[in-house]
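Notes to accompany the following structure.
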Amino acid sequence: MGVLDGRVALVTGASRGIGAVIAAEFAAAGARVAASARTLEAGANRLPGTLRDTIDGIRAAGGTAAAFAADLSVPGDRERLVEQVRERYGEVDILVNNAAVTYFTPVADFTARRFALMFEVQVTAPAHLAQLVIPGMRARGRGWILNISSVAARHPPIPPGPYAGLGGTVYGMCKAALERFSTGLAAELYADGIAVNALAPTDVVPTPGTLFHGLVTEDGPDTEPPEVMAAAALALCQAPASELTGRVAYSQELLAELAR
């Protein structure tokens, strides 16, 4: 028996990186995983990894999963996604908001289109998806919403450090907004038994995205395997809301805390 047996987990941004590994971890724990991303087949994105890869890996390991292609910048796609998951597996028990579109550009050079797209995918979409799954969670008196964040949400030091010129201000703003949304929603849903948390990696995870943006190297000394984030995500998505909610957690610190 897995700790997530009988539960339905919707994981966005599951074609590669952290999302793909969380999807596999949840499936191994017994969940029926709805893996969502824009990239269904190879060739649709310049980065490696597809939903097909994620689903094939989960099924080869004996898990249950299905792919749901969606563009989370489009409200209609978000609504269709949740409805399709509901038709396939039933109400969503666990929502993991991991999808992101990211540009690293100084604020002075940021275009309005890119700014709007980042905020839509990283802030508006998680809030909308939460709205869509909350009624089903409330009806069952339980649920878990996990928003994937980043250390970029922290305020930078002044005078600035060496990374100040990398153009991460808008990315950090989106993640800070997501964290505040997480704690506020946790307070709103506490009485309903629905846990809401934000989780960031302690160190940068070498994913296709972070490698593409030059944030880390594959074998860099200060990196974190995606499996660490997956283990922390699993811990946050099984504990009752009365025990673990409203947290802005960091992967390694959370796992050390729970191991005590």
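Residues are named by chain letter and number: chains run A, B, ... in the order of the structure tokens, numbers start at 1 in each chain, and ligands are numbered from 1 in the order shown.
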Who sits within 12 Å of Val11 of chain A, only C-alpha atoms, same chain under 6 positions skipped, as number ranges by chain: A: 18-27, 31-37, 51, 54-55, 65-70, 81-82, 85, 92-99, 126, 129, 144-148, 230, 233, 237
Non-local contacts of Ala239 of chain A (10 Å; only C-alpha atoms; under 4 positions in same chain excluded) as a ChimeraX atom specification: /A:3,143-144,195,234-235,243-245
Residues near Ala200 of chain A, cut-off 7 Å, only C-alpha atoms, skip fewer than 2 positions along chain, as number ranges by chain: A: 148-151, 198, 202, 249-251
Go ahead and save the residues from that selection, with N, CA, C and O atoms, as a short mmCIF file (atom, residue, chain, number, x, y, z; two decimals), in the first residue's frame.
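Writing done, so here's result.cif:
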```cif
data_model
loop_
_atom_site.label_atom_id
_atom_site.label_comp_id
_atom_site.auth_asym_id
_atom_site.auth_seq_id
_atom_site.Cartn_x
_atom_site.Cartn_y
_atom_site.Cartn_z
N ILE A 148 5.19 25.27 -6.29
CA ILE A 148 6.64 25.18 -6.34
C ILE A 148 7.25 26.57 -6.49
O ILE A 148 6.94 27.31 -7.43
N SER A 149 8.11 26.92 -5.56
CA SER A 149 8.69 28.25 -5.50
C SER A 149 10.20 28.19 -5.72
O SER A 149 10.73 27.22 -6.30
N SER A 150 10.90 29.20 -5.27
CA SER A 150 12.34 29.32 -5.51
C SER A 150 12.95 30.25 -4.47
O SER A 150 12.27 31.14 -3.94
N VAL A 151 14.24 30.07 -4.23
CA VAL A 151 14.94 31.00 -3.35
C VAL A 151 14.98 32.40 -3.95
O VAL A 151 15.27 33.38 -3.25
N ALA A 198 4.00 26.08 0.02
CA ALA A 198 4.95 26.43 -1.03
C ALA A 198 6.26 25.70 -0.74
O ALA A 198 6.66 25.58 0.43
N THR A 202 16.41 23.82 -1.86
CA THR A 202 17.43 24.50 -1.06
C THR A 202 18.56 24.99 -1.95
O THR A 202 19.06 26.11 -1.80
N ALA A 249 8.41 26.29 2.55
CA ALA A 249 9.41 25.32 2.96
C ALA A 249 10.54 25.21 1.93
O ALA A 249 10.34 25.48 0.73
N TYR A 250 11.70 24.80 2.43
CA TYR A 250 12.84 24.50 1.57
C TYR A 250 13.15 23.01 1.71
O TYR A 250 13.15 22.46 2.82
N SER A 251 13.40 22.39 0.59
CA SER A 251 13.43 20.93 0.51
C SER A 251 14.30 20.24 1.55
O SER A 251 13.83 19.40 2.32
#
```
For atom CA of Thr169 of chain A and atom CA of Asp71 of chain A, the interatomic separation in Å (one decimal): 23.9 Å
Each residue of segment 5-102 of chain A lying at most 7 Å from segment 117-120 of chain A should get a row with its shortest atom-to-atom pair and the distance in Å to one decimal, counting only C-alpha atoms; could you produce that, ordered by chain and increasing number, as a Markdown table?
```
| residue | atom | partner | partner_atom | distance |
| --- | --- | --- | --- | --- |
| A:Ser73 | CA | A:Glu120 | CA | 5.6 |
| A:Val101 | CA | A:Met118 | CA | 5.5 |
| A:Thr102 | CA | A:Met118 | CA | 6.1 |
```
Which of A:Val196, A:Leu189, A:Leu255, A:Val74 sits closest to His128 of chain A [using only C-alpha atoms]: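 Nearest candidate to His128 of chain A out of A:Val196, A:Leu189, A:Leu255, A:Val74: A:Val74.
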Surrounding residues of Ala139 of chain A excluding itself and chain neighbours under 3 positions, 12 Å, only C-alpha atoms, as a count of residues only: 12
Nearby residues (only C-alpha atoms) at most 9 Å from Ala152 of chain A, same-chain spacing under 6 positions excluded, as a ChimeraX atom specification: /A:168-169,171-173,175-176
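Our summary of the geometry notes that atom CA of Gly141 of chain A is positioned 19.9 Å from atom CA of Arg247 of chain A.
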